[in-house]
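Student: First, the structure itself, so that you have it in front of you.
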Amino acid sequence: MSRRVLVGGATGQVGRALLERAPLDVEAIGVGSSELDLTDPGAIDAAFARWRPDQVINAAAYTAVDRAESQPELAFAVNRDGPARLGRAAAAAGIPVLHVSTDYVFGGDCDRPYREDDPTAPNSVYGASKLAGERALLAASPDSLVLRTSWVFGIHGQNFVKTMLRLGVERDELGIVADQWGCPTSAVSIAEALWRLGEALASPSPPGAGVYHFAGAPACTWYDFAETIFQRAQALAVLARVPRLRRLSTEEYPTPAQRPAWSVLDCSKLEREAAIAPSDWREDLESMLAALAVRR
Ligand SMILES: NC(=O)C1=CN([C@@H]2O[C@H](COP(=O)(O)OP(=O)(O)OC[C@H]3O[C@@H](n4cnc5c(N)ncnc54)[C@H](OP(=O)(O)O)[C@@H]3O)[C@@H](O)[C@H]2O)C=CC1
Ligand SMILES: Cc1cn([C@H]2C[C@H](O)[C@@H](COP(=O)(O)OP(=O)(O)O[C@H]3O[C@@H](C)C(=O)[C@@H](O)[C@H]3O)O2)c(=O)[nH]c1=O
Ligand SMILES: [Mg+2]
């Protein structure tokens, strides 16, 4: 029998990859904010009554990190209150939620990759709202899973790779922050990890509930990431010419939101408990650029 999975955030980067990669034995019902607005108190119950899902994957969120600093109410309404409502509805229906969260829940002052139970200390409104959402979801629905990931990129939607390709055409030189470390992760690899987790959850020996980390390897800085993007974009003829890159410190690139200097995720728990290994972001970047090269 096929599983029916309600996918929230289906118009976003991860959501679109989820729908494209849905396993054959899954009936995926994708909803964007127009079909299921997480800030609308009645919308989740109505969606559950209409679709009667066996599982929910929630990739819906307020993700504008800088804008969140001046819109904290909206960020918390979507990122905290949304998962809280989803958790209550899921608990009432007796089904689990697979929820996506972020490396920005961490403060950035760790001397090794962050593990799931390391202390959180978000330094942005976005990070704080996402942390509150993790807690609210797990409090309402203790059977649920939270997958923290980081630095998402892919063909669909807005992300650092697409920003670099756009700015690379417009400018001769780009300054890129070289003192913030993290793990670029492709939306496709996140979608595959989520589908495998969903399948594992429906199996006779499901992985334990709670928080898991999934991200790409190897860790790098935004500068390193940009350098690889331009090198590979030129090699694959996505860009005819590439800009000069200049290393910046965080102080030299002021933004409304503070980002962690270090948000590298230790993903060994997921590998141990669900046999899902980190993806190689360089391979996934190659696939993304190859797809863009074909489209040109
Ligand atoms: N982007 C990144 O670098 C990272 C993202 N994450 C997390 O991964 C998940 C997916 O992110 P990503 O795919 O990049 O997000 P996007 O910004 O690409 O997409 C966001 C999705 O959320 C939906 N959404 C926004 N507001 C609401 C609302 N009020 N009610 C219902 N749906 C809403 C949007 O719908 P609509 O189009 O209709 O507005 C869209 O489908 C999020 O939980 C995010 O926090 C984690 C780490 C890194
Ligand atoms: C465009 C640009 C950015 N930067 C810096 C700013 C910042 O420190 C870093 C990345 O900028 P972005 O705005 O693309 O990335 P940002 O929005 O911070 O990305 C985050 O999004 C949320 C949703 C997450 O959950 C995180 O994991 C992370 O992916 O690069 C430069 O140094 N030079 C530039 O030209
Ligand atoms: Mg951004």
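FYI, nothing fancy with the structure tokens labels: chains A, B, ... in order, residues from 1 per chain, ligands from 1 as they appear.
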What's the 12 Å shell around segment 120-131 of chain A, counting only C-alpha atoms, without same-chain residues fewer than 4 positions away, as a PDB file with N, CA and C atoms, in the first residue's frame?
Tutor:
ATOM      1  N   ALA A  59       8.881  21.261   4.904  1.00  0.00           N
ATOM      2  CA  ALA A  59       9.997  22.067   4.407  1.00  0.00           C
ATOM      3  C   ALA A  59       9.575  23.521   4.247  1.00  0.00           C
ATOM      4  N   ALA A  60       8.455  23.884   4.886  1.00  0.00           N
ATOM      5  CA  ALA A  60       7.988  25.277   4.828  1.00  0.00           C
ATOM      6  C   ALA A  60       8.641  26.080   5.937  1.00  0.00           C
ATOM      7  N   ALA A  61       9.098  27.271   5.606  1.00  0.00           N
ATOM      8  CA  ALA A  61       9.696  28.141   6.623  1.00  0.00           C
ATOM      9  C   ALA A  61       9.820  29.562   6.089  1.00  0.00           C
ATOM     10  N   TYR A  62       9.986  30.472   7.019  1.00  0.00           N
ATOM     11  CA  TYR A  62      10.395  31.843   6.692  1.00  0.00           C
ATOM     12  C   TYR A  62      11.918  31.797   6.666  1.00  0.00           C
ATOM     13  N   THR A  63      12.544  31.988   5.485  1.00  0.00           N
ATOM     14  CA  THR A  63      13.981  31.738   5.340  1.00  0.00           C
ATOM     15  C   THR A  63      14.819  32.979   5.018  1.00  0.00           C
ATOM     16  N   ALA A  64      14.200  34.153   5.014  1.00  0.00           N
ATOM     17  CA  ALA A  64      14.946  35.378   4.679  1.00  0.00           C
ATOM     18  C   ALA A  64      15.703  35.852   5.931  1.00  0.00           C
ATOM     19  N   VAL A  65      16.958  35.412   6.040  1.00  0.00           N
ATOM     20  CA  VAL A  65      17.732  35.582   7.280  1.00  0.00           C
ATOM     21  C   VAL A  65      17.876  37.056   7.663  1.00  0.00           C
ATOM     22  N   ASP A  66      18.241  37.904   6.721  1.00  0.00           N
ATOM     23  CA  ASP A  66      18.422  39.327   7.055  1.00  0.00           C
ATOM     24  C   ASP A  66      17.082  40.021   7.320  1.00  0.00           C
ATOM     25  N   ARG A  67      16.079  39.731   6.483  1.00  0.00           N
ATOM     26  CA  ARG A  67      14.783  40.384   6.645  1.00  0.00           C
ATOM     27  C   ARG A  67      14.131  40.011   7.979  1.00  0.00           C
ATOM     28  N   ALA A  68      14.415  38.805   8.460  1.00  0.00           N
ATOM     29  CA  ALA A  68      13.823  38.350   9.734  1.00  0.00           C
ATOM     30  C   ALA A  68      14.182  39.275  10.895  1.00  0.00           C
ATOM     31  N   GLU A  69      15.340  39.949  10.815  1.00  0.00           N
ATOM     32  CA  GLU A  69      15.743  40.835  11.911  1.00  0.00           C
ATOM     33  C   GLU A  69      14.729  41.960  12.106  1.00  0.00           C
ATOM     34  N   SER A  70      14.079  42.395  11.009  1.00  0.00           N
ATOM     35  CA  SER A  70      13.081  43.463  11.136  1.00  0.00           C
ATOM     36  C   SER A  70      11.646  42.931  11.065  1.00  0.00           C
ATOM     37  N   GLN A  71      11.493  41.597  10.911  1.00  0.00           N
ATOM     38  CA  GLN A  71      10.146  40.996  10.901  1.00  0.00           C
ATOM     39  C   GLN A  71      10.087  39.811  11.863  1.00  0.00           C
ATOM     40  N   PRO A  72      10.493  40.025  13.130  1.00  0.00           N
ATOM     41  CA  PRO A  72      10.536  38.877  14.044  1.00  0.00           C
ATOM     42  C   PRO A  72       9.168  38.236  14.275  1.00  0.00           C
ATOM     43  N   GLU A  73       8.092  39.034  14.280  1.00  0.00           N
ATOM     44  CA  GLU A  73       6.767  38.445  14.541  1.00  0.00           C
ATOM     45  C   GLU A  73       6.409  37.436  13.451  1.00  0.00           C
ATOM     46  N   LEU A  74       6.644  37.846  12.192  1.00  0.00           N
ATOM     47  CA  LEU A  74       6.313  36.944  11.089  1.00  0.00           C
ATOM     48  C   LEU A  74       7.214  35.707  11.108  1.00  0.00           C
ATOM     49  N   ALA A  75       8.525  35.918  11.356  1.00  0.00           N
ATOM     50  CA  ALA A  75       9.453  34.778  11.390  1.00  0.00           C
ATOM     51  C   ALA A  75       9.019  33.770  12.466  1.00  0.00           C
ATOM     52  N   PHE A  76       8.653  34.258  13.639  1.00  0.00           N
ATOM     53  CA  PHE A  76       8.223  33.347  14.704  1.00  0.00           C
ATOM     54  C   PHE A  76       6.854  32.734  14.416  1.00  0.00           C
ATOM     55  N   ALA A  77       5.976  33.510  13.770  1.00  0.00           N
ATOM     56  CA  ALA A  77       4.648  32.961  13.447  1.00  0.00           C
ATOM     57  C   ALA A  77       4.786  31.758  12.513  1.00  0.00           C
ATOM     58  N   VAL A  78       5.683  31.865  11.538  1.00  0.00           N
ATOM     59  CA  VAL A  78       5.852  30.759  10.581  1.00  0.00           C
ATOM     60  C   VAL A  78       6.735  29.657  11.184  1.00  0.00           C
ATOM     61  N   ASN A  79       7.889  30.050  11.738  1.00  0.00           N
ATOM     62  CA  ASN A  79       8.916  29.061  12.100  1.00  0.00           C
ATOM     63  C   ASN A  79       8.736  28.424  13.481  1.00  0.00           C
ATOM     64  N   ARG A  80       8.007  29.084  14.373  1.00  0.00           N
ATOM     65  CA  ARG A  80       7.726  28.482  15.691  1.00  0.00           C
ATOM     66  C   ARG A  80       6.271  28.015  15.777  1.00  0.00           C
ATOM     67  N   ASP A  81       5.347  28.950  15.514  1.00  0.00           N
ATOM     68  CA  ASP A  81       3.930  28.609  15.718  1.00  0.00           C
ATOM     69  C   ASP A  81       3.433  27.615  14.670  1.00  0.00           C
ATOM     70  N   GLY A  82       3.998  27.672  13.458  1.00  0.00           N
ATOM     71  CA  GLY A  82       3.616  26.718  12.408  1.00  0.00           C
ATOM     72  C   GLY A  82       3.930  25.286  12.826  1.00  0.00           C
ATOM     73  N   PRO A  83       5.196  24.980  13.142  1.00  0.00           N
ATOM     74  CA  PRO A  83       5.531  23.630  13.599  1.00  0.00           C
ATOM     75  C   PRO A  83       4.782  23.219  14.873  1.00  0.00           C
ATOM     76  N   ALA A  84       4.482  24.167  15.755  1.00  0.00           N
ATOM     77  CA  ALA A  84       3.722  23.834  16.964  1.00  0.00           C
ATOM     78  C   ALA A  84       2.339  23.299  16.585  1.00  0.00           C
ATOM     79  N   HIS A  99      10.603  17.201  10.048  1.00  0.00           N
ATOM     80  CA  HIS A  99      10.692  18.659   9.954  1.00  0.00           C
ATOM     81  C   HIS A  99      12.136  19.077   9.648  1.00  0.00           C
ATOM     82  N   VAL A 100      12.291  20.118   8.832  1.00  0.00           N
ATOM     83  CA  VAL A 100      13.630  20.567   8.450  1.00  0.00           C
ATOM     84  C   VAL A 100      14.033  21.784   9.282  1.00  0.00           C
ATOM     85  N   SER A 101      15.249  21.735   9.840  1.00  0.00           N
ATOM     86  CA  SER A 101      15.760  22.889  10.575  1.00  0.00           C
ATOM     87  C   SER A 101      17.185  23.232  10.125  1.00  0.00           C
ATOM     88  N   THR A 102      17.849  24.058  10.885  1.00  0.00           N
ATOM     89  CA  THR A 102      19.035  24.746  10.364  1.00  0.00           C
ATOM     90  C   THR A 102      20.233  24.750  11.315  1.00  0.00           C
ATOM     91  N   ASP A 103      21.415  24.864  10.720  1.00  0.00           N
ATOM     92  CA  ASP A 103      22.668  25.055  11.465  1.00  0.00           C
ATOM     93  C   ASP A 103      22.698  26.395  12.210  1.00  0.00           C
ATOM     94  N   TYR A 104      21.848  27.366  11.800  1.00  0.00           N
ATOM     95  CA  TYR A 104      21.877  28.689  12.438  1.00  0.00           C
ATOM     96  C   TYR A 104      21.273  28.675  13.846  1.00  0.00           C
ATOM     97  N   VAL A 105      20.885  27.501  14.347  1.00  0.00           N
ATOM     98  CA  VAL A 105      20.503  27.401  15.767  1.00  0.00           C
ATOM     99  C   VAL A 105      21.739  27.456  16.661  1.00  0.00           C
ATOM    100  N   PHE A 106      22.931  27.268  16.057  1.00  0.00           N
ATOM    101  CA  PHE A 106      24.168  27.243  16.847  1.00  0.00           C
ATOM    102  C   PHE A 106      24.849  28.610  16.870  1.00  0.00           C
ATOM    103  N   GLY A 107      25.633  28.830  17.927  1.00  0.00           N
ATOM    104  CA  GLY A 107      26.280  30.122  18.134  1.00  0.00           C
ATOM    105  C   GLY A 107      27.591  30.287  17.389  1.00  0.00           C
ATOM    106  N   GLY A 108      28.262  29.181  17.071  1.00  0.00           N
ATOM    107  CA  GLY A 108      29.459  29.271  16.247  1.00  0.00           C
ATOM    108  C   GLY A 108      30.780  29.192  16.982  1.00  0.00           C
ATOM    109  N   ASP A 109      30.743  28.936  18.296  1.00  0.00           N
ATOM    110  CA  ASP A 109      32.013  28.927  19.041  1.00  0.00           C
ATOM    111  C   ASP A 109      32.374  27.525  19.541  1.00  0.00           C
ATOM    112  N   CYS A 110      32.284  26.550  18.646  1.00  0.00           N
ATOM    113  CA  CYS A 110      32.616  25.168  18.994  1.00  0.00           C
ATOM    114  C   CYS A 110      33.948  24.828  18.322  1.00  0.00           C
ATOM    115  N   TYR A 114      29.409  20.350  15.222  1.00  0.00           N
ATOM    116  CA  TYR A 114      28.321  20.325  16.204  1.00  0.00           C
ATOM    117  C   TYR A 114      27.563  19.004  16.158  1.00  0.00           C
ATOM    118  N   ARG A 115      27.335  18.443  17.359  1.00  0.00           N
ATOM    119  CA  ARG A 115      26.486  17.262  17.478  1.00  0.00           C
ATOM    120  C   ARG A 115      25.071  17.699  17.870  1.00  0.00           C
ATOM    121  N   GLU A 116      24.135  16.768  17.696  1.00  0.00           N
ATOM    122  CA  GLU A 116      22.712  17.079  17.900  1.00  0.00           C
ATOM    123  C   GLU A 116      22.421  17.619  19.298  1.00  0.00           C
ATOM    124  N   ARG A 135      11.662  22.917  19.085  1.00  0.00           N
ATOM    125  CA  ARG A 135      11.206  22.578  20.436  1.00  0.00           C
ATOM    126  C   ARG A 135       9.694  22.437  20.493  1.00  0.00           C
ATOM    127  N   ALA A 136       8.997  23.365  19.835  1.00  0.00           N
ATOM    128  CA  ALA A 136       7.527  23.336  19.863  1.00  0.00           C
ATOM    129  C   ALA A 136       7.008  22.078  19.171  1.00  0.00           C
ATOM    130  N   LEU A 137       7.627  21.717  18.047  1.00  0.00           N
ATOM    131  CA  LEU A 137       7.187  20.521  17.332  1.00  0.00           C
ATOM    132  C   LEU A 137       7.392  19.276  18.194  1.00  0.00           C
ATOM    133  N   LEU A 138       8.592  19.116  18.758  1.00  0.00           N
ATOM    134  CA  LEU A 138       8.898  17.900  19.511  1.00  0.00           C
ATOM    135  C   LEU A 138       8.109  17.831  20.822  1.00  0.00           C
ATOM    136  N   VAL A 146      13.448  15.889  13.581  1.00  0.00           N
ATOM    137  CA  VAL A 146      13.922  17.177  13.079  1.00  0.00           C
ATOM    138  C   VAL A 146      15.245  16.936  12.367  1.00  0.00           C
ATOM    139  N   LEU A 147      15.314  17.294  11.093  1.00  0.00           N
ATOM    140  CA  LEU A 147      16.558  17.152  10.342  1.00  0.00           C
ATOM    141  C   LEU A 147      17.167  18.542  10.161  1.00  0.00           C
ATOM    142  N   ARG A 148      18.277  18.783  10.885  1.00  0.00           N
ATOM    143  CA  ARG A 148      18.974  20.064  10.690  1.00  0.00           C
ATOM    144  C   ARG A 148      19.934  19.945   9.518  1.00  0.00           C
ATOM    145  N   THR A 149      19.870  20.923   8.616  1.00  0.00           N
ATOM    146  CA  THR A 149      20.794  20.953   7.495  1.00  0.00           C
ATOM    147  C   THR A 149      21.357  22.354   7.340  1.00  0.00           C
ATOM    148  N   SER A 150      22.119  22.613   6.272  1.00  0.00           N
ATOM    149  CA  SER A 150      22.805  23.908   6.177  1.00  0.00           C
ATOM    150  C   SER A 150      23.127  24.293   4.737  1.00  0.00           C
ATOM    151  N   VAL A 211      16.271  14.883  17.134  1.00  0.00           N
ATOM    152  CA  VAL A 211      17.044  15.711  16.204  1.00  0.00           C
ATOM    153  C   VAL A 211      18.154  14.920  15.516  1.00  0.00           C
ATOM    154  N   THR A 255      26.011  42.767   7.635  1.00  0.00           N
ATOM    155  CA  THR A 255      24.648  42.353   7.272  1.00  0.00           C
ATOM    156  C   THR A 255      23.742  42.573   8.487  1.00  0.00           C
ATOM    157  N   PRO A 256      22.436  42.745   8.255  1.00  0.00           N
ATOM    158  CA  PRO A 256      21.518  42.937   9.392  1.00  0.00           C
ATOM    159  C   PRO A 256      21.580  41.782  10.390  1.00  0.00           C
ATOM    160  N   ALA A 257      21.646  40.538   9.891  1.00  0.00           N
ATOM    161  CA  ALA A 257      21.688  39.371  10.785  1.00  0.00           C
ATOM    162  C   ALA A 257      23.124  38.897  10.972  1.00  0.00           C
ATOM    163  N   GLN A 258      23.438  38.510  12.192  1.00  0.00           N
ATOM    164  CA  GLN A 258      24.737  37.888  12.459  1.00  0.00           C
ATOM    165  C   GLN A 258      24.655  36.408  12.076  1.00  0.00           C
ATOM    166  N   ARG A 259      25.707  35.898  11.407  1.00  0.00           N
ATOM    167  CA  ARG A 259      25.779  34.476  11.068  1.00  0.00           C
ATOM    168  C   ARG A 259      26.851  33.801  11.904  1.00  0.00           C
ATOM    169  N   PRO A 260      26.673  32.510  12.220  1.00  0.00           N
ATOM    170  CA  PRO A 260      27.699  31.826  13.022  1.00  0.00           C
ATOM    171  C   PRO A 260      29.037  31.749  12.270  1.00  0.00           C
ATOM    172  N   ALA A 261      30.139  31.926  12.972  1.00  0.00           N
ATOM    173  CA  ALA A 261      31.459  31.811  12.361  1.00  0.00           C
ATOM    174  C   ALA A 261      31.787  30.346  12.054  1.00  0.00           C
ATOM    175  N   TRP A 262      31.101  29.455  12.733  1.00  0.00           N
ATOM    176  CA  TRP A 262      31.346  28.013  12.587  1.00  0.00           C
ATOM    177  C   TRP A 262      30.016  27.311  12.792  1.00  0.00           C
ATOM    178  N   SER A 263      29.512  26.631  11.761  1.00  0.00           N
ATOM    179  CA  SER A 263      28.261  25.883  11.963  1.00  0.00           C
ATOM    180  C   SER A 263      28.364  24.526  11.269  1.00  0.00           C
TER     181      SER A 263
END
Student: Excluding Ala90 of chain A and residues on its chain fewer than 3 positions from it, collect all residues at most 10 Å away from it, counting only C-alpha atoms, and give them as a list in words.
Tutor: Ile44, Asp45, Phe48, Pro53, Asp54, Gln55, Val56, Ala84, Arg85, Leu86, Gly87, Ala93, Gly94, Ile95, Pro96, Val97, Leu137, Ala140, Ser141, Asp143 and Ser144 of chain A
Student: Point out the residue among A:Pro206, A:Gly30, A:Gly168, A:Pro184 with the least atom-to-atom distance to Phe230 of chain A, counting only C-alpha atoms.
Tutor: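 Looking at the shortest contact to Phe230 of chain A, the residue is A:Gly168.
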Student: Using only C-alpha atoms and all ligand atoms, can you tell me which of A:Thr11, A:Thr39, A:Gln158, A:Ser279 comes closest to ligand 3?
Tutor: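 Smallest separation from ligand 3 among the options: A:Gln158.
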Student: If we count only C-alpha atoms, what is near Asp280 of chain A at a cut-off of 10 Å, once residues fewer than 6 positions away on the same chain are taken out, given as a PyMOL selection string?
Tutor: chain A and resi 183-186+189+215-219
Student: Would you save the residues from that selection as a short mmCIF file (atom, residue, chain, number, x, y, z; two decimals), in the first residue's frame, using C-alpha atoms?
Tutor:
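Result file again.cif:
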data_model
loop_
_atom_site.label_atom_id
_atom_site.label_comp_id
_atom_site.auth_asym_id
_atom_site.auth_seq_id
_atom_site.Cartn_x
_atom_site.Cartn_y
_atom_site.Cartn_z
CA CYS A 183 28.59 22.69 5.03
CA PRO A 184 26.99 23.35 1.64
CA THR A 185 24.15 20.88 1.04
CA SER A 186 22.18 20.25 -2.14
CA SER A 189 20.49 15.26 -1.32
CA ALA A 215 24.74 18.13 5.53
CA GLY A 216 27.21 18.04 2.70
CA ALA A 217 30.94 17.40 3.05
CA PRO A 218 33.64 18.65 3.18
CA ALA A 219 33.21 21.70 5.39
#
Student: Using only C-alpha atoms, which residues sit within 8 Å of Thr250 of chain A once same-chain residues fewer than 5 positions away are excluded, as a PyMOL selection string?
Tutor: chain A and resi 177-180
Student: Could the residues in this selection be saved with N, CA and C atoms as a compact mmCIF listing (two decimals), in the first residue's frame?
Tutor:
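Output saved as part_1.txt:
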# COMPACT_ATOMS: atom_id res chain seq x y z
N VAL A 177 33.01 36.56 2.24
CA VAL A 177 33.39 36.26 3.62
C VAL A 177 34.18 34.94 3.71
N ALA A 178 35.36 35.02 4.32
CA ALA A 178 36.25 33.85 4.36
C ALA A 178 36.49 33.35 5.78
N ASP A 179 35.69 33.86 6.74
CA ASP A 179 35.88 33.41 8.13
C ASP A 179 34.60 32.84 8.73
N GLN A 180 33.68 32.40 7.88
CA GLN A 180 32.50 31.66 8.34
C GLN A 180 32.54 30.27 7.70
Student: Which neighbours of Glu252 of chain A fall inside 10 Å, counting only C-alpha atoms, when residues of the same chain fewer than 4 positions from it are skipped, and could you give them as a list of chain:residue names?
Tutor: A:Gly175, A:Ile176, A:Val177, A:Arg247, A:Leu248
Student: Could you please take those selected residues and save C-alpha atoms as an mmCIF file, in the first residue's frame?
Tutor:
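Result file out36.cif:
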data_model
loop_
_atom_site.group_PDB
_atom_site.id
_atom_site.type_symbol
_atom_site.label_atom_id
_atom_site.label_comp_id
_atom_site.auth_asym_id
_atom_site.auth_seq_id
_atom_site.Cartn_x
_atom_site.Cartn_y
_atom_site.Cartn_z
ATOM 1 C CA GLY A 175 34.345 40.165 -1.952
ATOM 2 C CA ILE A 176 33.346 37.013 -0.102
ATOM 3 C CA VAL A 177 33.389 36.258 3.620
ATOM 4 C CA ARG A 247 38.656 37.368 0.870
ATOM 5 C CA LEU A 248 36.635 39.374 3.387
#
Student: For Leu167 of chain A, find every residue with an atom within 12 Å (counting only C-alpha atoms), except residues of its own chain fewer than 4 positions away, and show them as a ChimeraX atom specification.
Tutor: /A:160-163,171-176,226,230,239,241-245
Student: Kindly indicate which residue among A:Leu270, A:Ala46, A:Val188, A:Ala277 lies nearest to ligand 1, using only C-alpha atoms and all ligand atoms for the distances.
Tutor: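 Closest residue, counting only C-alpha atoms and all ligand atoms: A:Val188.
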Student: Using atom CA of Pro142 of chain A and atom 20 (C, counted along the ligand's line) of ligand 1 as the two end points, give the distance in Å to one decimal.
Tutor: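 Between atom CA of Pro142 of chain A and atom 20 (C, counted along the ligand's line) of ligand 1 the gap is 24.1 Å.
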Student: Just list the residues in segment 124-228 of chain A DSSP gives alpha helix (DSSP H) on the backbone, as a ChimeraX atom specification.
Tutor: /A:125-140,160-170,187-201,222-228
Student: Write the selection just made, keeping C-alpha atoms, as a PDB file, in the first residue's frame?
Tutor:
ATOM      1  CA  VAL A 125      16.066  36.066  14.714  1.00  0.00           C
ATOM      2  CA  TYR A 126      15.821  33.399  12.000  1.00  0.00           C
ATOM      3  CA  GLY A 127      17.957  30.977  14.039  1.00  0.00           C
ATOM      4  CA  ALA A 128      16.034  31.690  17.235  1.00  0.00           C
ATOM      5  CA  SER A 129      12.678  31.205  15.486  1.00  0.00           C
ATOM      6  CA  LYS A 130      13.823  27.896  13.961  1.00  0.00           C
ATOM      7  CA  LEU A 131      15.085  26.640  17.337  1.00  0.00           C
ATOM      8  CA  ALA A 132      11.757  27.566  18.928  1.00  0.00           C
ATOM      9  CA  GLY A 133      10.039  25.609  16.127  1.00  0.00           C
ATOM     10  CA  GLU A 134      12.126  22.473  16.764  1.00  0.00           C
ATOM     11  CA  ARG A 135      11.206  22.578  20.436  1.00  0.00           C
ATOM     12  CA  ALA A 136       7.527  23.336  19.863  1.00  0.00           C
ATOM     13  CA  LEU A 137       7.187  20.521  17.332  1.00  0.00           C
ATOM     14  CA  LEU A 138       8.898  17.900  19.511  1.00  0.00           C
ATOM     15  CA  ALA A 139       6.956  19.002  22.599  1.00  0.00           C
ATOM     16  CA  ALA A 140       3.616  18.577  20.807  1.00  0.00           C
ATOM     17  CA  PHE A 160      24.221  31.219  -2.711  1.00  0.00           C
ATOM     18  CA  VAL A 161      25.194  29.374  -5.920  1.00  0.00           C
ATOM     19  CA  LYS A 162      22.583  31.225  -7.954  1.00  0.00           C
ATOM     20  CA  THR A 163      23.538  34.532  -6.331  1.00  0.00           C
ATOM     21  CA  MET A 164      27.194  33.934  -7.259  1.00  0.00           C
ATOM     22  CA  LEU A 165      26.339  33.052 -10.881  1.00  0.00           C
ATOM     23  CA  ARG A 166      24.247  36.226 -11.172  1.00  0.00           C
ATOM     24  CA  LEU A 167      26.791  38.537  -9.518  1.00  0.00           C
ATOM     25  CA  GLY A 168      29.591  36.892 -11.498  1.00  0.00           C
ATOM     26  CA  VAL A 169      28.013  38.116 -14.717  1.00  0.00           C
ATOM     27  CA  GLU A 170      27.418  41.613 -13.358  1.00  0.00           C
ATOM     28  CA  ALA A 187      18.382  20.333  -1.963  1.00  0.00           C
ATOM     29  CA  VAL A 188      18.344  17.062  -3.899  1.00  0.00           C
ATOM     30  CA  SER A 189      20.485  15.257  -1.317  1.00  0.00           C
ATOM     31  CA  ILE A 190      18.267  16.600   1.497  1.00  0.00           C
ATOM     32  CA  ALA A 191      15.178  15.364  -0.342  1.00  0.00           C
ATOM     33  CA  GLU A 192      16.726  11.914  -0.742  1.00  0.00           C
ATOM     34  CA  ALA A 193      17.670  11.792   2.944  1.00  0.00           C
ATOM     35  CA  LEU A 194      14.130  12.839   3.951  1.00  0.00           C
ATOM     36  CA  TRP A 195      12.494  10.176   1.760  1.00  0.00           C
ATOM     37  CA  ARG A 196      14.787   7.496   3.176  1.00  0.00           C
ATOM     38  CA  LEU A 197      13.994   8.650   6.700  1.00  0.00           C
ATOM     39  CA  GLY A 198      10.282   8.600   5.897  1.00  0.00           C
ATOM     40  CA  GLU A 199      10.605   5.036   4.659  1.00  0.00           C
ATOM     41  CA  ALA A 200      12.580   4.073   7.774  1.00  0.00           C
ATOM     42  CA  LEU A 201       9.898   5.652   9.978  1.00  0.00           C
ATOM     43  CA  TRP A 222      31.703  30.849   1.894  1.00  0.00           C
ATOM     44  CA  TYR A 223      34.868  32.018   0.109  1.00  0.00           C
ATOM     45  CA  ASP A 224      35.946  28.426  -0.632  1.00  0.00           C
ATOM     46  CA  PHE A 225      32.423  27.642  -1.817  1.00  0.00           C
ATOM     47  CA  ALA A 226      32.423  30.672  -4.166  1.00  0.00           C
ATOM     48  CA  GLU A 227      35.850  29.763  -5.531  1.00  0.00           C
ATOM     49  CA  THR A 228      34.689  26.243  -6.407  1.00  0.00           C
TER      50      THR A 228
END
Student: List every residue of segment 87-121 of chain A that DSSP, applied to the backbone, labels as strand (DSSP E), and write the result as a ChimeraX atom specification.
Tutor: /A:97-102
Student: Include N, CA and C atoms and write out the residues we just selected as a short mmCIF file (atom, residue, chain, number, x, y, z; two decimals), in the first residue's frame.
Tutor:
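Okay, this is what ended up in result.cif:
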data_model
loop_
_atom_site.label_atom_id
_atom_site.label_comp_id
_atom_site.auth_asym_id
_atom_site.auth_seq_id
_atom_site.Cartn_x
_atom_site.Cartn_y
_atom_site.Cartn_z
N VAL A 97 5.86 13.80 12.11
CA VAL A 97 6.29 14.88 11.21
C VAL A 97 7.80 14.77 11.04
N LEU A 98 8.25 14.91 9.80
CA LEU A 98 9.68 15.04 9.50
C LEU A 98 9.88 16.51 9.18
N HIS A 99 10.60 17.20 10.05
CA HIS A 99 10.69 18.66 9.95
C HIS A 99 12.14 19.08 9.65
N VAL A 100 12.29 20.12 8.83
CA VAL A 100 13.63 20.57 8.45
C VAL A 100 14.03 21.78 9.28
N SER A 101 15.25 21.74 9.84
CA SER A 101 15.76 22.89 10.58
C SER A 101 17.19 23.23 10.13
N THR A 102 17.85 24.06 10.89
CA THR A 102 19.04 24.75 10.36
C THR A 102 20.23 24.75 11.32
#
Student: Between atom CA of Gly15 of chain A and atom 30 (N, counted along the ligand's line) of ligand 1, what is the spacing in Å?
Tutor: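 Distance between the two atoms: 12.6 Å.
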Student: Taking only C-alpha atoms and all ligand atoms into account, name the residue in A:Val7, A:Leu18, A:Leu38, A:Asp25 that is nearest to ligand 1.
Tutor: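 Answer, going by the shortest atom-to-atom distance: A:Leu38.
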Student: Between A:Met288, A:Ile155, A:Ala275, A:Ala49, which one has atoms that come closest to Gly12 of chain A, using only C-alpha atoms?
Tutor: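 Of A:Met288, A:Ile155, A:Ala275, A:Ala49, the one nearest Gly12 of chain A, counting only C-alpha atoms, is A:Ile155.
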Student: A:Arg295, A:Arg232, A:Arg246, A:His213: which is nearest Ser268 of chain A, counting only C-alpha atoms?
Tutor: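 Counting only C-alpha atoms, the residue closest to Ser268 of chain A is A:His213.
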Student: I'd like the interatomic distance between atom 39 (O, counted along the ligand's line) of ligand 1 and atom CA of Asp37 of chain A, to a tenth of an Å.
Tutor: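 Computing the Euclidean distance for atom 39 (O, counted along the ligand's line) of ligand 1 and atom CA of Asp37 of chain A yields 8.7 Å.
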Student: Write out as a ChimeraX atom specification each polymer residue whose atoms come within 10 Å of Leu24 of chain A, counting only C-alpha atoms; drop sequence neighbours fewer than 4 positions from it.
Tutor: /A:2-3,28
Student: Selection from above, N, CA and C atoms, as a PDB file, in the first residue's frame, can you write it?
Tutor:
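Produced file out_14.pdb, reproduced below:
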ATOM      1  N   SER A   2       0.477   2.238  -0.745  1.00  0.00           N
ATOM      2  CA  SER A   2       1.337   3.421  -0.815  1.00  0.00           C
ATOM      3  C   SER A   2       1.092   4.349   0.372  1.00  0.00           C
ATOM      4  N   ARG A   3       2.184   5.008   0.784  1.00  0.00           N
ATOM      5  CA  ARG A   3       2.088   5.987   1.866  1.00  0.00           C
ATOM      6  C   ARG A   3       1.664   7.317   1.290  1.00  0.00           C
ATOM      7  N   ALA A  28       2.793  11.761  -2.920  1.00  0.00           N
ATOM      8  CA  ALA A  28       3.238  13.023  -2.310  1.00  0.00           C
ATOM      9  C   ALA A  28       2.249  14.130  -2.650  1.00  0.00           C
TER      10      ALA A  28
END
